[in-house]
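Data from query_12.txt: compact mmCIF, C-alpha atoms and all ligand atoms
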# COMPACT_ATOMS: atom_id res chain seq x y z
CA MET X 4 16.82 -161.31 44.90
CA GLU X 5 17.79 -164.77 46.12
CA LEU X 6 21.54 -164.56 46.22
CA GLU X 7 24.21 -167.21 46.66
CA SER X 8 27.57 -166.79 48.35
CA ILE X 9 30.27 -165.13 46.26
CA LEU X 10 32.95 -167.25 47.91
CA LEU X 11 34.62 -169.41 45.28
CA PRO X 12 35.74 -172.94 46.27
CA GLY X 13 38.73 -172.83 48.60
CA ILE X 14 38.37 -169.16 49.54
CA ARG X 15 38.73 -168.67 53.30
CA ASP X 16 35.28 -168.07 54.74
CA GLN X 17 36.29 -165.21 57.00
CA ARG X 18 35.80 -161.47 56.96
CA PRO X 19 37.10 -159.56 55.20
CA LEU X 20 37.34 -161.24 51.83
CA ILE X 21 40.31 -159.58 50.12
CA ILE X 22 40.72 -158.85 46.42
CA ALA X 23 44.02 -157.17 45.55
CA GLY X 24 46.13 -156.33 42.56
CA PRO X 25 47.12 -153.45 40.35
CA CYS X 26 44.74 -150.85 38.98
CA SER X 27 45.87 -151.95 35.50
CA ALA X 28 47.75 -154.82 33.96
CA GLU X 29 50.72 -153.04 32.33
CA THR X 30 53.30 -155.64 31.37
CA GLU X 31 53.61 -159.37 31.88
CA GLU X 32 56.46 -158.74 34.28
CA GLN X 33 54.51 -156.25 36.40
CA VAL X 34 51.47 -158.55 36.48
CA MET X 35 53.51 -161.60 37.48
CA ASN X 36 55.74 -159.84 40.02
CA THR X 37 52.79 -158.24 41.78
CA ALA X 38 50.86 -161.52 41.73
CA LYS X 39 53.71 -163.54 43.22
CA GLU X 40 54.21 -161.02 46.00
CA LEU X 41 50.50 -160.97 46.78
CA ALA X 42 50.22 -164.76 46.73
CA ALA X 43 53.11 -164.87 49.23
CA LYS X 44 50.97 -162.65 51.47
CA HIS X 45 48.13 -165.21 51.18
CA ILE X 46 45.89 -163.09 48.96
CA GLN X 47 43.50 -165.44 47.14
CA ILE X 48 41.85 -163.21 44.54
CA TYR X 49 43.86 -161.08 42.12
CA ARG X 50 42.50 -158.00 40.38
CA ALA X 51 43.87 -156.17 37.33
CA GLY X 52 42.16 -153.83 34.89
CA ILE X 53 42.59 -155.00 31.28
CA TRP X 54 40.39 -152.32 29.71
CA LYS X 55 40.60 -148.99 31.50
CA PRO X 56 37.87 -146.36 31.39
CA ARG X 57 39.72 -143.04 31.25
CA THR X 58 38.19 -139.61 31.62
CA LYS X 59 39.94 -138.24 28.54
CA PRO X 60 41.25 -139.88 25.39
CA GLY X 61 44.96 -140.26 24.91
CA GLY X 62 45.73 -141.81 28.31
CA PHE X 63 46.61 -145.44 28.94
CA GLU X 64 43.46 -147.35 28.08
CA GLY X 65 44.60 -150.79 29.12
CA VAL X 66 46.59 -153.52 27.42
CA GLY X 67 43.52 -155.40 26.18
CA THR X 68 43.44 -159.07 25.26
CA PRO X 69 47.15 -159.92 25.76
CA GLY X 70 46.65 -159.04 29.43
CA LEU X 71 44.08 -161.84 29.74
CA SER X 72 46.73 -164.45 29.03
CA TRP X 73 48.93 -162.89 31.74
CA LEU X 74 46.00 -163.37 34.15
CA GLN X 75 45.76 -167.01 33.04
CA LYS X 76 49.43 -167.34 33.87
CA VAL X 77 48.84 -165.80 37.32
CA LYS X 78 46.20 -168.40 37.94
CA ARG X 79 48.44 -171.23 36.77
CA GLU X 80 51.54 -170.17 38.63
CA THR X 81 50.13 -168.79 41.89
CA GLY X 82 46.80 -170.60 42.26
CA MET X 83 45.02 -167.30 42.86
CA TYR X 84 41.62 -166.64 41.35
CA VAL X 85 41.70 -163.77 38.84
CA SER X 86 39.31 -160.90 38.22
CA THR X 87 38.89 -157.96 35.88
CA GLU X 88 36.47 -155.20 34.89
CA VAL X 89 34.13 -155.63 31.94
CA ALA X 90 32.34 -152.71 30.32
CA THR X 91 31.15 -154.00 26.94
CA ARG X 92 29.76 -157.15 25.39
CA ALA X 93 33.14 -157.83 23.74
CA HIS X 94 34.90 -157.61 27.12
CA VAL X 95 32.52 -160.17 28.60
CA MET X 96 33.06 -162.57 25.71
CA GLU X 97 36.84 -162.25 25.91
CA ALA X 98 37.06 -162.44 29.71
CA VAL X 99 34.84 -165.52 29.96
CA ASN X 100 36.67 -167.12 27.06
CA PHE X 101 39.96 -166.69 28.93
CA GLY X 102 38.50 -168.26 32.08
CA ILE X 103 38.51 -165.14 34.27
CA ASP X 104 36.94 -166.24 37.57
CA LEU X 105 35.28 -163.09 38.81
CA LEU X 106 34.10 -160.03 36.91
CA TRP X 107 33.35 -156.57 38.16
CA ILE X 108 31.46 -153.75 36.56
CA GLY X 109 32.86 -150.24 36.91
CA ALA X 110 31.21 -147.11 38.24
CA ARG X 111 30.81 -145.43 34.86
CA THR X 112 29.12 -148.53 33.46
CA SER X 113 26.75 -149.21 36.36
CA ALA X 114 25.44 -145.64 35.89
CA ASN X 115 24.21 -146.57 32.41
CA PRO X 116 21.19 -148.90 32.17
CA PHE X 117 21.74 -149.59 28.46
CA ALA X 118 25.31 -150.68 29.10
CA MET X 119 24.17 -152.79 32.08
CA GLN X 120 21.54 -154.53 29.97
CA GLU X 121 24.10 -155.22 27.23
CA LEU X 122 26.42 -156.77 29.83
CA ALA X 123 23.62 -158.80 31.40
CA ASP X 124 22.63 -160.17 27.97
CA ALA X 125 26.24 -161.02 27.13
CA LEU X 126 26.74 -162.76 30.48
CA LYS X 127 23.61 -164.81 29.94
CA GLU X 128 24.83 -165.82 26.51
CA THR X 129 28.14 -167.09 27.90
CA GLY X 130 26.48 -168.95 30.77
CA PHE X 131 28.88 -167.30 33.25
CA LYS X 132 27.58 -167.97 36.75
CA GLY X 133 29.47 -165.32 38.69
CA PRO X 134 30.61 -163.92 40.92
CA VAL X 135 29.85 -160.54 39.41
CA LEU X 136 30.55 -157.49 41.55
CA VAL X 137 28.80 -154.26 40.67
CA LYS X 138 30.42 -150.97 41.67
CA ASN X 139 28.22 -148.12 42.77
CA PRO X 140 27.40 -145.75 39.92
CA VAL X 141 29.46 -142.52 39.89
CA ASN X 142 26.38 -140.57 40.94
CA PRO X 143 24.82 -141.17 44.37
CA ASP X 144 21.71 -142.98 43.17
CA LEU X 145 20.87 -146.08 45.18
CA GLU X 146 18.03 -147.14 42.89
CA LEU X 147 20.33 -147.06 39.85
CA TRP X 148 22.84 -149.23 41.74
CA ILE X 149 20.15 -151.74 42.76
CA GLY X 150 18.73 -151.66 39.22
CA ALA X 151 22.14 -152.51 37.78
CA MET X 152 22.37 -155.56 40.05
CA GLU X 153 18.83 -156.63 39.23
CA ARG X 154 19.72 -156.70 35.54
CA ILE X 155 22.60 -159.08 36.33
CA TYR X 156 20.34 -161.19 38.54
CA ASN X 157 17.71 -161.40 35.79
CA ALA X 158 20.42 -162.82 33.53
CA GLY X 159 20.50 -165.90 35.78
CA ILE X 160 23.44 -164.89 37.98
CA THR X 161 22.96 -165.35 41.70
CA LYS X 162 26.53 -164.80 42.90
CA ILE X 163 26.39 -161.03 43.06
CA GLY X 164 28.14 -158.52 45.29
CA ALA X 165 28.25 -154.75 45.51
CA ILE X 166 31.43 -152.68 45.57
CA HIS X 167 31.30 -149.34 47.35
CA ARG X 168 33.85 -147.08 45.60
CA GLY X 169 32.43 -143.67 46.51
CA PHE X 170 30.67 -140.98 44.50
CA SER X 171 32.01 -138.21 42.26
CA SER X 172 31.83 -134.63 43.38
CA TYR X 173 32.80 -131.36 41.81
CA ASP X 174 34.16 -129.82 44.98
CA LYS X 175 37.68 -130.50 46.16
CA SER X 176 37.48 -132.81 49.13
CA LEU X 177 39.61 -135.02 51.29
CA TYR X 178 38.49 -137.95 49.15
CA ARG X 179 38.75 -138.71 45.48
CA ASN X 180 35.18 -139.99 45.64
CA LEU X 181 32.90 -139.11 48.55
CA PRO X 182 32.07 -142.19 50.62
CA GLN X 183 28.47 -141.15 51.46
CA TRP X 184 28.29 -144.10 53.84
CA HIS X 185 24.54 -143.75 54.30
CA ILE X 186 24.02 -145.06 50.75
CA PRO X 187 25.67 -148.49 51.25
CA ILE X 188 24.08 -148.61 54.72
CA GLU X 189 20.67 -148.20 53.11
CA LEU X 190 21.64 -150.76 50.44
CA LYS X 191 22.40 -153.29 53.20
CA ARG X 192 19.05 -152.53 54.83
CA ARG X 193 17.24 -153.10 51.53
CA LEU X 194 19.20 -156.20 50.50
CA PRO X 195 20.48 -157.82 53.72
CA ASN X 196 21.95 -160.84 51.91
CA LEU X 197 23.98 -158.84 49.40
CA PRO X 198 27.71 -158.91 50.19
CA ILE X 199 29.30 -155.45 50.24
CA ILE X 200 32.94 -154.94 49.39
CA GLY X 201 34.67 -151.66 50.23
CA ASP X 202 37.05 -150.05 47.72
CA PRO X 203 39.17 -147.72 49.88
CA SER X 204 41.60 -147.16 46.97
CA HIS X 205 39.06 -145.42 44.76
CA ILE X 206 37.24 -143.69 47.63
CA GLY X 207 40.40 -142.20 49.12
CA GLY X 208 42.54 -141.77 46.03
CA LYS X 209 45.62 -141.78 48.26
CA ARG X 210 47.65 -144.39 50.08
CA GLU X 211 47.28 -142.85 53.53
CA LEU X 212 43.51 -143.23 53.42
CA ILE X 213 43.46 -146.97 52.68
CA ALA X 214 43.83 -148.07 56.31
CA PRO X 215 41.27 -145.73 57.90
CA LEU X 216 38.71 -146.30 55.13
CA SER X 217 39.17 -150.07 55.35
CA GLN X 218 38.61 -149.93 59.10
CA GLN X 219 35.49 -147.85 58.63
CA ALA X 220 34.18 -150.40 56.13
CA LEU X 221 34.82 -153.24 58.57
CA ASP X 222 33.16 -151.34 61.39
CA LEU X 223 30.08 -151.20 59.17
CA ASN X 224 30.28 -154.95 58.80
CA TYR X 225 31.34 -155.01 55.15
CA ASP X 226 32.11 -158.47 53.80
CA GLY X 227 35.31 -157.64 51.97
CA LEU X 228 37.76 -155.13 50.57
CA ILE X 229 39.16 -154.60 47.09
CA ILE X 230 42.50 -152.81 47.32
CA GLU X 231 44.87 -151.71 44.57
CA SER X 232 48.37 -153.07 44.98
CA HIS X 233 51.32 -152.75 42.60
CA CYS X 234 54.90 -154.08 42.82
CA ASP X 235 56.19 -150.56 42.09
CA PRO X 236 53.36 -148.09 42.78
CA ASP X 237 55.33 -144.94 41.96
CA SER X 238 55.77 -146.05 38.38
CA ALA X 239 52.19 -147.30 37.89
CA TRP X 240 50.55 -146.33 34.60
CA SER X 241 47.24 -145.48 36.29
CA ASP X 242 46.13 -144.49 39.81
CA LYS X 243 49.65 -144.41 41.21
CA ALA X 244 48.84 -142.18 44.21
CA GLN X 245 46.49 -144.81 45.63
CA GLN X 246 48.43 -148.02 45.06
CA VAL X 247 50.53 -149.74 47.71
CA THR X 248 53.11 -152.51 47.49
CA PRO X 249 52.02 -156.01 48.55
CA ASP X 250 54.19 -155.54 51.67
CA VAL X 251 52.40 -152.37 52.69
CA LEU X 252 49.05 -153.96 51.87
CA SER X 253 49.80 -156.88 54.13
CA PHE X 254 50.88 -154.48 56.90
CA ILE X 255 47.63 -152.53 56.55
CA LEU X 256 45.53 -155.71 56.62
CA ASN X 257 47.27 -156.80 59.81
CA THR X 258 46.36 -153.54 61.52
CA LEU X 259 42.64 -153.92 60.80
CA VAL X 260 40.37 -154.88 63.65
CA VAL X 261 37.57 -157.23 62.67
CA ARG X 262 34.83 -156.72 65.19
CA ASP X 263 32.26 -159.25 66.26
CA THR X 264 29.38 -158.97 63.81
CA LYS X 265 26.85 -159.51 66.55
CA GLN X 266 28.04 -156.51 68.50
CA THR X 267 25.28 -154.15 69.48
CA THR X 268 27.34 -151.01 68.84
CA GLU X 269 26.62 -151.20 65.12
CA SER X 270 24.06 -148.42 65.15
CA LEU X 271 26.45 -146.27 67.15
CA THR X 272 29.05 -146.88 64.46
CA GLU X 273 26.56 -145.86 61.79
CA LEU X 274 25.74 -142.66 63.64
CA ARG X 275 29.44 -141.90 64.02
CA GLN X 276 29.94 -142.46 60.29
CA GLN X 277 27.24 -139.90 59.65
CA ILE X 278 28.94 -137.42 62.00
CA ASP X 279 32.25 -138.03 60.22
CA GLU X 280 30.59 -137.43 56.91
CA ILE X 281 29.01 -134.19 58.05
CA ASP X 282 32.37 -133.04 59.42
CA ASP X 283 33.90 -133.86 56.04
CA SER X 284 31.36 -131.67 54.30
CA LEU X 285 31.89 -128.88 56.85
CA LEU X 286 35.60 -129.06 56.13
CA THR X 287 35.06 -128.99 52.37
CA ALA X 288 32.55 -126.15 52.62
CA LEU X 289 34.80 -124.06 54.86
CA ALA X 290 37.78 -124.58 52.57
CA LYS X 291 35.66 -123.48 49.61
CA ARG X 292 34.33 -120.48 51.51
CA MET X 293 37.88 -119.36 52.35
CA ARG X 294 38.95 -119.69 48.72
CA ILE X 295 36.05 -117.48 47.69
CA SER X 296 36.97 -114.98 50.45
CA ARG X 297 40.40 -114.69 48.91
CA GLU X 298 38.83 -114.00 45.52
CA ILE X 299 36.71 -111.30 47.12
CA GLY X 300 39.88 -109.89 48.69
CA GLN X 301 41.41 -109.74 45.23
CA TYR X 302 38.36 -107.98 43.83
CA LYS X 303 38.30 -105.44 46.66
CA GLN X 304 41.96 -104.73 46.11
CA GLU X 305 41.49 -104.18 42.38
CA HIS X 306 38.54 -101.85 43.02
CA ASN X 307 40.12 -100.06 45.92
CA MET X 308 37.44 -101.14 48.40
CA PRO X 309 37.97 -101.62 52.15
CA VAL X 310 38.20 -105.20 53.39
CA LEU X 311 35.82 -104.87 56.31
CA GLN X 312 32.35 -103.70 55.42
CA THR X 313 30.48 -103.59 58.72
CA SER X 314 27.00 -103.51 57.20
CA ARG X 315 27.61 -106.78 55.37
CA TYR X 316 29.05 -108.33 58.55
CA ASP X 317 25.98 -107.34 60.61
CA GLU X 318 23.69 -108.60 57.87
CA ILE X 319 25.36 -112.03 57.87
CA LEU X 320 25.24 -112.40 61.65
CA ASP X 321 21.62 -111.24 61.95
CA LYS X 322 20.41 -113.44 59.16
CA ARG X 323 22.17 -116.55 60.46
CA SER X 324 21.09 -116.08 64.08
CA GLN X 325 17.52 -115.74 62.87
CA GLN X 326 17.82 -118.88 60.72
CA ALA X 327 19.35 -120.78 63.65
CA LEU X 328 16.05 -120.46 65.48
CA GLU X 329 14.17 -121.75 62.45
CA VAL X 330 16.28 -124.92 62.26
CA GLY X 331 16.21 -125.49 66.02
CA VAL X 332 19.78 -124.47 66.85
CA ASP X 333 20.83 -122.07 69.61
CA PRO X 334 21.27 -118.59 67.99
CA ASN X 335 24.18 -117.76 70.30
CA PHE X 336 26.03 -120.86 69.20
CA MET X 337 25.39 -120.00 65.54
CA LYS X 338 26.59 -116.45 66.17
CA THR X 339 29.84 -117.73 67.66
CA VAL X 340 30.42 -120.02 64.68
CA PHE X 341 29.74 -117.31 62.13
CA GLU X 342 31.87 -114.79 64.00
CA ALA X 343 34.78 -117.20 63.84
CA ILE X 344 34.20 -117.88 60.15
CA HIS X 345 33.90 -114.21 59.34
CA GLU X 346 37.04 -113.36 61.30
CA GLU X 347 39.01 -115.94 59.32
CA SER X 348 37.54 -114.61 56.05
CA ILE X 349 38.77 -111.11 56.90
CA ARG X 350 42.19 -112.52 57.75
CA GLN X 351 42.29 -114.29 54.35
CA GLN X 352 41.33 -111.10 52.53
CA ILE X 353 44.00 -109.09 54.34
CA ASP X 354 46.46 -111.82 53.53
CA VAL X 355 45.69 -111.35 49.81
CA LEU X 356 46.35 -107.59 50.15
CA ASN X 357 49.72 -108.26 51.68
CA GLN X 358 50.90 -110.59 48.96
C1 LIG K 1 39.14 -149.69 38.91
O1 LIG K 1 38.70 -150.49 39.74
O2 LIG K 1 40.33 -149.65 38.56
C2 LIG K 1 38.23 -148.67 38.36
C3 LIG K 1 38.39 -148.16 37.14
O3 LIG K 1 37.31 -148.30 39.23
P1 LIG K 1 35.99 -147.36 39.18
O4 LIG K 1 35.05 -147.98 38.21
O5 LIG K 1 35.55 -147.48 40.60
O6 LIG K 1 36.44 -145.97 38.82
MN MN K 2 42.07 -147.80 39.59

So that I can check it, write out the structure of this file as structure tokens.
Amino acid sequence: MELESILLPGIRDQRPLIIAGPCSAETEEQVMNTAKELAAKHIQIYRAGIWKPRTKPGGFEGVGTPGLSWLQKVKRETGMYVSTEVATRAHVMEAVNFGIDLLWIGARTSANPFAMQELADALKETGFKGPVLVKNPVNPDLELWIGAMERIYNAGITKIGAIHRGFSSYDKSLYRNLPQWHIPIELKRRLPNLPIIGDPSHIGGKRELIAPLSQQALDLNYDGLIIESHCDPDSAWSDKAQQVTPDVLSFILNTLVVRDTKQTTESLTELRQQIDEIDDSLLTALAKRMRISREIGQYKQEHNMPVLQTSRYDEILDKRSQQALEVGVDPNFMKTVFEAIHEESIRQQIDVLNQ
């Protein structure tokens, strides 16, 4: 793909490019208040969801078309560029008709090639030239993500960027959506000219994770960040746990360190990201294991069985020490790890008995 810069005229050409605004447009007042506060913090691109994909029916599904005229007003009164998510042909027609400057495609849509083709066709029909930002699909499939962008490119749009918003997982984890950093790293290797924007709000799902995730994205040389910001986050109609006020956003942005892109420590950073990711999965797996241990404790209690069954303990240790050799890890080290895990499991089971 021969891509052009996604920087619109007048946008500061410096990393990171920042897109900020509420998860959803709720009321004209909320849209305008948030926009004015963000503009005062020198944010140049405003985001707000007009049509909201919700997991279950009955929730707030966005204000729809009236919200587009609030975005026009933001543009008029603050001078910011405005952006929103499109998921259907009708959204594209409406958004372009209302002069929305930048469109993004959500994670549920980029996972669906039929929907992507429908959007690409609609964009072509309108003559919209971009920028169009494509979020990673909910499932960790790099080819699907690239395919989604190729469909947009084939519609004659060359101002394309990717948004990394993390990947769904069934297991409880520290994150709302697992970052799986190796996927955007591989994307960058495959398409070196494609700008990548980090979405720490949807990866983390909580305010406290915005700063560390943004820093991680910058350390990987991302081009920009899209961050949810609301004038009154606690009363937001969607994604309230992950939204911050414009003040807090500005504070976070000021703490970020933008490193020299030509630094040679980049591969070290990538390796560290991988270590962090593995530690995250260790943490998640251990938490899950301990939950299951407690269930076993419950079962043993109900069936009057003893907590410690030595034969099972020996079996686990023997099997794992043996497997350690097969995967090239010191069996003594593996034994120490499994002893510690088993000891904690027993403690959890006894804890259940004492409840
Ligand atoms: C959003 O940006 O508000 C959104 C719905 O994101 P995603 O598609 O990443 O879930
Ligand atoms: Mn959101």

Contacts to ligand LIG 1 (chain K) at 6 Å cut-off (all atoms listed in the file) as JSON, numbers by chain: {"X": [26, 52, 109, 110, 111, 168, 205]}

Show which residues sit within 9 Å of Ser113 of chain X, as a list in words. Count all atoms listed in the file, and ignore same-chain residues fewer than 4 positions away.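 Final neighbour list, sorted by chain and number: Ala90, Ile108, Gly109, Ala118, Met119, Val137, Lys138, Asn139, Pro140, Val141, Leu147, Trp148, Gly150, Ala151 and Met152 of chain X.
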
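Each residue with an atom within 10 Å of any atom of ligand MN 2 (chain K) appears in the list, which was built counting only C-alpha atoms and all ligand atoms: Gly24, Pro25, Cys26, Ser27, Ala51, Gly52, Lys55, Pro56, Arg57, Gly109, Asp202, Ser204, His205, Gly208, Ile230, Glu231, Ser232, Trp240, Ser241, Asp242, Lys243, Ala244, Gln245 and Gln246 of chain X.
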
Write out the residues from the selection above, keeping C-alpha atoms, as a PDB file, in the frame of the given file.
ATOM      1  CA  GLY X  24      46.130-156.330  42.560  1.00  0.00           C
ATOM      2  CA  PRO X  25      47.120-153.450  40.350  1.00  0.00           C
ATOM      3  CA  CYS X  26      44.740-150.850  38.980  1.00  0.00           C
ATOM      4  CA  SER X  27      45.870-151.950  35.500  1.00  0.00           C
ATOM      5  CA  ALA X  51      43.870-156.170  37.330  1.00  0.00           C
ATOM      6  CA  GLY X  52      42.160-153.830  34.890  1.00  0.00           C
ATOM      7  CA  LYS X  55      40.600-148.990  31.500  1.00  0.00           C
ATOM      8  CA  PRO X  56      37.870-146.360  31.390  1.00  0.00           C
ATOM      9  CA  ARG X  57      39.720-143.040  31.250  1.00  0.00           C
ATOM     10  CA  GLY X 109      32.860-150.240  36.910  1.00  0.00           C
ATOM     11  CA  ASP X 202      37.050-150.050  47.720  1.00  0.00           C
ATOM     12  CA  SER X 204      41.600-147.160  46.970  1.00  0.00           C
ATOM     13  CA  HIS X 205      39.060-145.420  44.760  1.00  0.00           C
ATOM     14  CA  GLY X 208      42.540-141.770  46.030  1.00  0.00           C
ATOM     15  CA  ILE X 230      42.500-152.810  47.320  1.00  0.00           C
ATOM     16  CA  GLU X 231      44.870-151.710  44.570  1.00  0.00           C
ATOM     17  CA  SER X 232      48.370-153.070  44.980  1.00  0.00           C
ATOM     18  CA  TRP X 240      50.550-146.330  34.600  1.00  0.00           C
ATOM     19  CA  SER X 241      47.240-145.480  36.290  1.00  0.00           C
ATOM     20  CA  ASP X 242      46.130-144.490  39.810  1.00  0.00           C
ATOM     21  CA  LYS X 243      49.650-144.410  41.210  1.00  0.00           C
ATOM     22  CA  ALA X 244      48.840-142.180  44.210  1.00  0.00           C
ATOM     23  CA  GLN X 245      46.490-144.810  45.630  1.00  0.00           C
ATOM     24  CA  GLN X 246      48.430-148.020  45.060  1.00  0.00           C
TER      25      GLN X 246
END

Length of the atom CA of Asn224 of chain X to atom CA of Gln183 of chain X vector [Å]: 15.7 Å

Please determine, counting only C-alpha atoms, which residue among X:Leu274, X:Leu328, X:Ala220, X:Met293 has the shortest atom-to-atom distance to Arg350 of chain X.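 Of X:Leu274, X:Leu328, X:Ala220, X:Met293, the one nearest Arg350 of chain X is X:Met293, counting only C-alpha atoms.
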
Nearest residue to Glu318 of chain X from the set X:Gly61, X:Ile299, X:Phe341, X:Arg210 (distances using only C-alpha atoms):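 Looking only at the distances to Glu318 of chain X, the closest residue turns out to be X:Phe341.
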
Nearest to Ile160 of chain X: which of X:Asp237, X:Asp124, X:Glu40, X:Glu32 is it, counting all atoms listed in the file?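 Going through X:Asp237, X:Asp124, X:Glu40, X:Glu32 one by one, the smallest distance to Ile160 of chain X is for X:Asp124.
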
Go through X:Asp174, X:Asp354, X:Glu329, X:Asp144 and flag the residue nearest Gly300 of chain X, using all atoms listed in the file for the distances.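 Once distances to Gly300 of chain X are computed over all atoms listed in the file, the minimum belongs to X:Asp354.
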
When you count all atoms listed in the file, which of these residues is closest to Asn257 of chain X: X:Ala214, X:Val332, X:Leu289, X:Ile353?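 That would be X:Ala214, the residue with the smallest distance to Asn257 of chain X.
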
Any idea what the distance is between atom CA of Met35 of chain X and atom CA of Pro134 of chain X?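 It comes out at 23.3 Å.
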
Taking 5 positions as the minimum chain separation for residues in the same chain, which residues sit within 12 Å of Gly67 of chain X when counting all atoms listed in the file? Answer as a list of chain:residue names. X:Ser27, X:Ala28, X:Glu29, X:Thr30, X:Ala51, X:Gly52, X:Ile53, X:Trp54, X:Lys55, X:Pro56, X:Ser72, X:Trp73, X:Leu74, X:Thr87, X:Glu88, X:Val89, X:Ala93, X:His94, X:Glu97, X:Ala98

Atoms to include: C-alpha atoms. Write the selected residues as a JSON list (two decimals), keeping the file's coordinate frame.
[["chain", "number", "residue", "atom", "x", "y", "z"],
["X", 27, "SER", "CA", 45.87, -151.95, 35.50],
["X", 28, "ALA", "CA", 47.75, -154.82, 33.96],
["X", 29, "GLU", "CA", 50.72, -153.04, 32.33],
["X", 30, "THR", "CA", 53.30, -155.64, 31.37],
["X", 51, "ALA", "CA", 43.87, -156.17, 37.33],
["X", 52, "GLY", "CA", 42.16, -153.83, 34.89],
["X", 53, "ILE", "CA", 42.59, -155.00, 31.28],
["X", 54, "TRP", "CA", 40.39, -152.32, 29.71],
["X", 55, "LYS", "CA", 40.60, -148.99, 31.50],
["X", 56, "PRO", "CA", 37.87, -146.36, 31.39],
["X", 72, "SER", "CA", 46.73, -164.45, 29.03],
["X", 73, "TRP", "CA", 48.93, -162.89, 31.74],
["X", 74, "LEU", "CA", 46.00, -163.37, 34.15],
["X", 87, "THR", "CA", 38.89, -157.96, 35.88],
["X", 88, "GLU", "CA", 36.47, -155.20, 34.89],
["X", 89, "VAL", "CA", 34.13, -155.63, 31.94],
["X", 93, "ALA", "CA", 33.14, -157.83, 23.74],
["X", 94, "HIS", "CA", 34.90, -157.61, 27.12],
["X", 97, "GLU", "CA", 36.84, -162.25, 25.91],
["X", 98, "ALA", "CA", 37.06, -162.44, 29.71]]

Could you please determine the separation between atom CA of Pro198 of chain X and atom CA of Arg262 of chain X in Å, to one decimal place? 16.7 Å

Determine the nearest neighbour of Val310 of chain X from the options X:Glu298, X:Asp263, X:Met96, X:Ser253, counting only C-alpha atoms.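 Among X:Glu298, X:Asp263, X:Met96, X:Ser253, it is X:Glu298 that comes nearest to Val310 of chain X.
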
Need the shell around segment 188-192 of chain X: protein/DNA/RNA residues with any atom at most 10 Å away, counting all atoms listed in the file. Skip same-chain ones fewer than 4 positions apart. Format as JSON, numbers by chain? {"X": [145, 146, 148, 149, 165, 183, 184, 196, 197, 198, 199, 223, 224, 225, 273]}

I want to know what sits within 8 Å of Asn335 of chain X, based on only C-alpha atoms, with residues of the same chain fewer than 3 positions away left out; could you give that as a list of chain:residue names?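 Near neighbours after the sequence-gap exclusion: X:Ser324, X:Lys338, X:Thr339.
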
Give me the residues within 12 Å of Gln351 of chain X as a PDB file with C-alpha atoms, in the coordinates of the input, counting all atoms listed in the file and dropping any in the same chain fewer than 2 places off.
ATOM      1  CA  ALA X 290      37.780-124.580  52.570  1.00  0.00           C
ATOM      2  CA  ARG X 292      34.330-120.480  51.510  1.00  0.00           C
ATOM      3  CA  MET X 293      37.880-119.360  52.350  1.00  0.00           C
ATOM      4  CA  ARG X 294      38.950-119.690  48.720  1.00  0.00           C
ATOM      5  CA  ILE X 295      36.050-117.480  47.690  1.00  0.00           C
ATOM      6  CA  SER X 296      36.970-114.980  50.450  1.00  0.00           C
ATOM      7  CA  ARG X 297      40.400-114.690  48.910  1.00  0.00           C
ATOM      8  CA  GLU X 298      38.830-114.000  45.520  1.00  0.00           C
ATOM      9  CA  ILE X 299      36.710-111.300  47.120  1.00  0.00           C
ATOM     10  CA  GLY X 300      39.880-109.890  48.690  1.00  0.00           C
ATOM     11  CA  GLN X 301      41.410-109.740  45.230  1.00  0.00           C
ATOM     12  CA  VAL X 310      38.200-105.200  53.390  1.00  0.00           C
ATOM     13  CA  LEU X 311      35.820-104.870  56.310  1.00  0.00           C
ATOM     14  CA  ILE X 344      34.200-117.880  60.150  1.00  0.00           C
ATOM     15  CA  HIS X 345      33.900-114.210  59.340  1.00  0.00           C
ATOM     16  CA  GLU X 346      37.040-113.360  61.300  1.00  0.00           C
ATOM     17  CA  GLU X 347      39.010-115.940  59.320  1.00  0.00           C
ATOM     18  CA  SER X 348      37.540-114.610  56.050  1.00  0.00           C
ATOM     19  CA  ILE X 349      38.770-111.110  56.900  1.00  0.00           C
ATOM     20  CA  ILE X 353      44.000-109.090  54.340  1.00  0.00           C
ATOM     21  CA  ASP X 354      46.460-111.820  53.530  1.00  0.00           C
ATOM     22  CA  VAL X 355      45.690-111.350  49.810  1.00  0.00           C
ATOM     23  CA  LEU X 356      46.350-107.590  50.150  1.00  0.00           C
ATOM     24  CA  ASN X 357      49.720-108.260  51.680  1.00  0.00           C
ATOM     25  CA  GLN X 358      50.900-110.590  48.960  1.00  0.00           C
TER      26      GLN X 358
END

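These residues, each with an atom at most 9 Å from (36.9, -156.7, 45.0) using only C-alpha atoms, are Leu20, Ile21, Ile22, Ala23, Ile48, Tyr49, Arg50, Ser86, Trp107, Leu136, Gly164, Ala165, Ile166, Ile200, Gly201, Asp202, Gly227, Leu228, Ile229 and Ile230 of chain X.
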
Quick one: write out the picked residues with C-alpha atoms as a short mmCIF file (atom, residue, chain, number, x, y, z; two decimals), in the frame of the given file?
data_model
loop_
_atom_site.label_atom_id
_atom_site.label_comp_id
_atom_site.auth_asym_id
_atom_site.auth_seq_id
_atom_site.Cartn_x
_atom_site.Cartn_y
_atom_site.Cartn_z
CA LEU X 20 37.34 -161.24 51.83
CA ILE X 21 40.31 -159.58 50.12
CA ILE X 22 40.72 -158.85 46.42
CA ALA X 23 44.02 -157.17 45.55
CA ILE X 48 41.85 -163.21 44.54
CA TYR X 49 43.86 -161.08 42.12
CA ARG X 50 42.50 -158.00 40.38
CA SER X 86 39.31 -160.90 38.22
CA TRP X 107 33.35 -156.57 38.16
CA LEU X 136 30.55 -157.49 41.55
CA GLY X 164 28.14 -158.52 45.29
CA ALA X 165 28.25 -154.75 45.51
CA ILE X 166 31.43 -152.68 45.57
CA ILE X 200 32.94 -154.94 49.39
CA GLY X 201 34.67 -151.66 50.23
CA ASP X 202 37.05 -150.05 47.72
CA GLY X 227 35.31 -157.64 51.97
CA LEU X 228 37.76 -155.13 50.57
CA ILE X 229 39.16 -154.60 47.09
CA ILE X 230 42.50 -152.81 47.32
#
